[in-house]
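Since the structure comes first, as structure tokens, the remarks are kept for the end.
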Amino acid sequence: MQTKIMLQESEIPTKWYNIIPDLPEQLPPPINPGTGQPIGPEDLAPIFPMELIKQEVSSERWIEIPDDIIEAYKIYRPTPLHRAHRLEKALKTNCRIYFKDESVSPPGSHKPNTAIAQAYYNMKEGVRRISTETGAGQWGCSIAFACNIFGLSCTVYMVKVSFEQKPYRKILMQTWGADVHASPTNLTNAGKKILEQDPDSPGSLGIAISEAVEDAATHEDTKYSLGSVLNHVLLHQTVIGLETKKQLEIAGEKPDVLIGCVGGGSNFGGLVFPFVPDKLKGQEIRFIGVEPTACPTLTKGSYTYDFGDTVGLTPLVKMHTLGHSFVPPGIHAGGLRYHGDAPLLSLLVKNKVIDAVAYPQTPVFEAAMLFAKTEGILPAPETSHAIKCAIDEAKKNDGSCIVFNLSGHGNFDLAAYDAYLSGNLEDYEYSEDKIREAIAQIPKF
Ligand SMILES: Cc1ncc(COP(=O)(O)O)c(C=O)c1O
């Protein structure tokens with residue numbers, strides 16, 4: 001009985017897959033909120049290196065991965081595809097459940113797949129420092145890890161609620177050389193503005209993005225780096241799905257359903273996008289993005305132009321959003337607390353190529369416990385959303401082949417497991433009023 005399907009280092013993908021030319025309709029362009037016109041490369045140049053801007057708008061289906069990036073990927077790639085025999089047995093299912101184990105990277109998640117690429121292109125263009133935000137701390141660790149590989153300084157604005165829940169993530173970032181601040185801070189105008197309105201603000205990804213973007217825009221030697229949402233981030237993550245495709249072939253499987261949790265959409269897009277052309281050509285395959293009921297962007301949000309950050313510094317992008325001023329409750333899956341979603345993913349949800357479901361955190365932790373007890377790996381709270389959905393799918397569909405992305409481990413999330421084990425986990429439904437209020441504040445275009 002094969003449990004791990006492994007690839008050789010020589011089988012690490014040498015090209016990323018760009019889904020843009022295969023989309024069922026054209027991706028609406030980002031808009032400059034000042035002019036109402038589509039933005040050009042010159043608008044993005046103050047905060048991103050040119051190579052990433054080119055990738056953001058590229059219509060080439062395949063984009064070459066530079067050798068230095070592949071060498072850095074070799075630290076942890078290719079990642080194994082596991083058959084979850086023990087979970088299957090516990091569920092008494094005749095489904096075949098597989099998970100792609102992205103938790104084996106040193107920072108513990110899929111995030112280095114793009115962090116390494118972004119740090120590399122910044123280094124190549126002479127950038128000295130990267131500023132970024134982090135929710136759960138996974139992204140902050142990944143960019144700190146990647147900056148360290150390529151000799152860059154790194155400043156991380158970490159959402160305050162996670163900073164407090166996860167002190168060890170902060171220490172890991174510092175170990176790799178990053179400066180870490182609890183956001184909102186008094187270091188930026190964006191942070192000061194939020195603190196004036198709410199001195200006890202728990203922070204949010206949107207607020208932390210505002211701070212990191214402002215930092216990059218106001219420092220000559222610094223560029224900004226985003227861990228999700230943007231086209232180039234999802235592009236870099238396609239190494240996950242490309243490897244998974246090969247591994248499923250080796251296992252002699254055709255997947256019926258692919259599942260991933262969705263914060264901004266990068267691990268989900270990374271797993272699923274390489275399979276989308278198969279579906280568009282008629283193959284029977286379902287894709288399910290899983291989000292928390294506390295932040296139900298795909299299931300309850302509007303598909304409209306909105307700011308990517310809270311304060312309104314970014315271009316407007318067309319996406320599923322709960323409104324840029326929406327601050328989700330402090331659930332333990334900090335990386336899923338984002339008011340928007342990747343425009344690429346949003347477009348595919350709108351076109352019904354991709355489905356979405358939402359779960360409250362208690363059943364998600366129940367699923368995480370079962371997974372930890374059967375497969376041994378303690379999953380990240382974000383990832384556990386995908387596990388819950390995979391388990392539900394196995395209960396509903398006899399004999400199918402279910403594949404989910406194990407986007408990260410939860411070894412630094414023990415406070416969340418403690419809350420669950422001691423019965424102190426709260427479930428938050430989304431607040432219909434708060435969402436309505438936040439959606440009303442979206443600028444009209
Ligand atoms: C382990 C893990 N999974 C998933 C996510 C969600 O991000 P994305 O939707 O971009 O994959 C995060 C974000 O921090 C994360 O840390």
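How things are named: the first chain in the structure tokens is A, the next is B, and so on; residues count from 1 in each chain; ligands count from 1 in the order shown.
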Expected answer as an MDAnalysis selection string: residues within 6 Å of ligand 1, only C-alpha atoms and all ligand atoms: chainID A and resid 109 135:136 138:139 228 261:268 335:336 380 382:383 407:408
Could you save those same residues with C-alpha atoms as a PDB file, in the first residue's frame?
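Final output, part-v4.pdb:
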```pdb
ATOM      1  CA  SER A 109       3.335  26.167   4.628  1.00  0.00           C
ATOM      2  CA  GLY A 135      -1.940  37.392   9.278  1.00  0.00           C
ATOM      3  CA  ALA A 136      -1.295  34.003  10.792  1.00  0.00           C
ATOM      4  CA  GLN A 138       2.972  31.941   7.996  1.00  0.00           C
ATOM      5  CA  TRP A 139       3.556  34.524   5.280  1.00  0.00           C
ATOM      6  CA  SER A 228      -1.665  36.147  -1.693  1.00  0.00           C
ATOM      7  CA  CYS A 261      -8.925  26.596   2.075  1.00  0.00           C
ATOM      8  CA  VAL A 262      -9.241  30.175   0.875  1.00  0.00           C
ATOM      9  CA  GLY A 263      -7.831  33.271   2.532  1.00  0.00           C
ATOM     10  CA  GLY A 264      -6.729  35.336  -0.432  1.00  0.00           C
ATOM     11  CA  GLY A 265      -6.815  32.264  -2.672  1.00  0.00           C
ATOM     12  CA  SER A 266      -3.151  31.398  -3.257  1.00  0.00           C
ATOM     13  CA  ASN A 267      -2.846  27.827  -1.977  1.00  0.00           C
ATOM     14  CA  PHE A 268      -6.209  27.007  -3.505  1.00  0.00           C
ATOM     15  CA  GLY A 335      -4.776  33.688   7.446  1.00  0.00           C
ATOM     16  CA  LEU A 336      -8.424  33.425   6.348  1.00  0.00           C
ATOM     17  CA  ALA A 380      -2.883  24.746  10.627  1.00  0.00           C
ATOM     18  CA  GLU A 382      -6.582  27.570   8.006  1.00  0.00           C
ATOM     19  CA  THR A 383      -5.794  24.212   6.421  1.00  0.00           C
ATOM     20  CA  SER A 407      -1.399  24.149   3.089  1.00  0.00           C
ATOM     21  CA  GLY A 408       0.411  24.220   6.422  1.00  0.00           C
TER      22      GLY A 408
END
```
Counting only C-alpha atoms, which residues of segment 159-245 of chain A fall within 12 Å of segment 415-432 of chain A, and what is the closest atom pair for each with its distance in Å at one decimal, ordered by chain and rising number, as JSON lines?
```
{"residue": "A:Ser162", "atom": "CA", "partner": "A:Ala415", "partner_atom": "CA", "distance": 10.6}
{"residue": "A:Glu164", "atom": "CA", "partner": "A:Ala415", "partner_atom": "CA", "distance": 10.2}
{"residue": "A:Gln165", "atom": "CA", "partner": "A:Ala415", "partner_atom": "CA", "distance": 6.7}
{"residue": "A:Lys166", "atom": "CA", "partner": "A:Ala415", "partner_atom": "CA", "distance": 7.6}
{"residue": "A:Pro167", "atom": "CA", "partner": "A:Ala415", "partner_atom": "CA", "distance": 10.1}
{"residue": "A:Tyr168", "atom": "CA", "partner": "A:Ala415", "partner_atom": "CA", "distance": 10.7}
```
File of the preceding selection, C-alpha atoms, as a JSON list (two decimals), in the first residue's frame:
```json
[["chain", "number", "residue", "atom", "x", "y", "z"],
["A", 162, "SER", "CA", -2.03, 36.94, 15.65],
["A", 164, "GLU", "CA", -0.55, 38.09, 20.54],
["A", 165, "GLN", "CA", -1.83, 34.56, 19.82],
["A", 166, "LYS", "CA", 1.39, 33.42, 18.13],
["A", 167, "PRO", "CA", 4.54, 34.83, 19.76],
["A", 168, "TYR", "CA", 6.61, 31.93, 18.44]]
```
Closest of A:Leu195, A:Val349, A:Cys147, A:Ala251 to Thr3 of chain A - atom-to-atom distances counting only C-alpha atoms: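 Residue with the minimum atom-to-atom distance to Thr3 of chain A: A:Ala251.
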Hey, could you make a per-residue contact list for segment 168-217 of chain A against segment 28-48 of chain A with 8 Å as the cut-off, showing the nearest pair of atoms and its distance in Å to one decimal, counting only C-alpha atoms, sorted by chain and number, as CSV?
```
residue,atom,partner,partner_atom,distance
A:Val213,CA,A:Ile47,CA,7.1
A:Ala216,CA,A:Ile47,CA,5.8
A:Ala217,CA,A:Ile47,CA,5.9
```
Taking only C-alpha atoms into account, produce a table as a tab-separated table in which each residue of segment 127-177 of chain A with an atom at most 8 Å from an atom of segment 196-212 of chain A appears once, together with its shortest atom pair and the distance in Å to one decimal, ordered by chain and rising number.
```
residue	atom	partner	partner_atom	distance
A:Ser131	CA	A:Ala212	CA	5.3
A:Thr132	CA	A:Ala212	CA	5.0
A:Glu133	CA	A:Ala208	CA	5.2
A:Thr134	CA	A:Leu205	CA	6.8
A:Gly135	CA	A:Leu205	CA	5.8
A:Val156	CA	A:Ala212	CA	7.5
A:Tyr157	CA	A:Ala208	CA	5.6
A:Met158	CA	A:Ala208	CA	6.7
A:Val159	CA	A:Gly203	CA	5.1
A:Lys160	CA	A:Gly203	CA	5.3
A:Val161	CA	A:Pro202	CA	5.2
```
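When atom CA of Glu214 of chain A is paired with atom CA of Gly108 of chain A, their separation reads 28.1 Å.
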Point-to-point distance from atom CA of Tyr76 of chain A to atom CA of Asn405 of chain A, Å rounded to tenths: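 It comes out at 15.9 Å.
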At a cut-off of 8 Å, can you tabulate as a Markdown table every residue of segment 341-377 of chain A near segment 386-399 of chain A together with its closest atom pair and the distance in Å to one decimal, using only C-alpha atoms and ordering rows by chain then number?
```
| residue | atom | partner | partner_atom | distance |
| --- | --- | --- | --- | --- |
| A:Pro363 | CA | A:Lys388 | CA | 7.3 |
| A:Val364 | CA | A:Lys388 | CA | 5.5 |
| A:Ala367 | CA | A:Lys388 | CA | 5.1 |
| A:Ala368 | CA | A:Ile387 | CA | 6.9 |
| A:Phe371 | CA | A:Ile387 | CA | 7.6 |
```
Tell me, as a short mmCIF file (atom, residue, chain, number, x, y, z; two decimals) with C-alpha atoms, in the first residue's frame, which residues lie within 7 Å of Ser302 of chain A, counting only C-alpha atoms; anything in the same chain fewer than 3 positions away does not count.
```cif
data_model
loop_
_atom_site.label_atom_id
_atom_site.label_comp_id
_atom_site.auth_asym_id
_atom_site.auth_seq_id
_atom_site.Cartn_x
_atom_site.Cartn_y
_atom_site.Cartn_z
CA HIS A 320 -15.49 38.91 -4.13
CA THR A 321 -15.38 41.26 -1.18
CA LEU A 322 -17.08 41.94 2.12
#
```
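From atom CA of Ile65 of chain A back to atom CA of Pro13 of chain A, the distance works out to 8.0 Å.
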Surrounding residues of Phe326 of chain A excluding itself and chain neighbours under 2 positions, 6 Å, only C-alpha atoms, as an MDAnalysis selection string: chainID A and resid 323:324 438
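For the residues A:Val327, A:Ile19, A:Arg86, A:Tyr73, ranking by smallest atom-to-atom distance to Val272 of chain A using only C-alpha atoms places A:Ile19 first.
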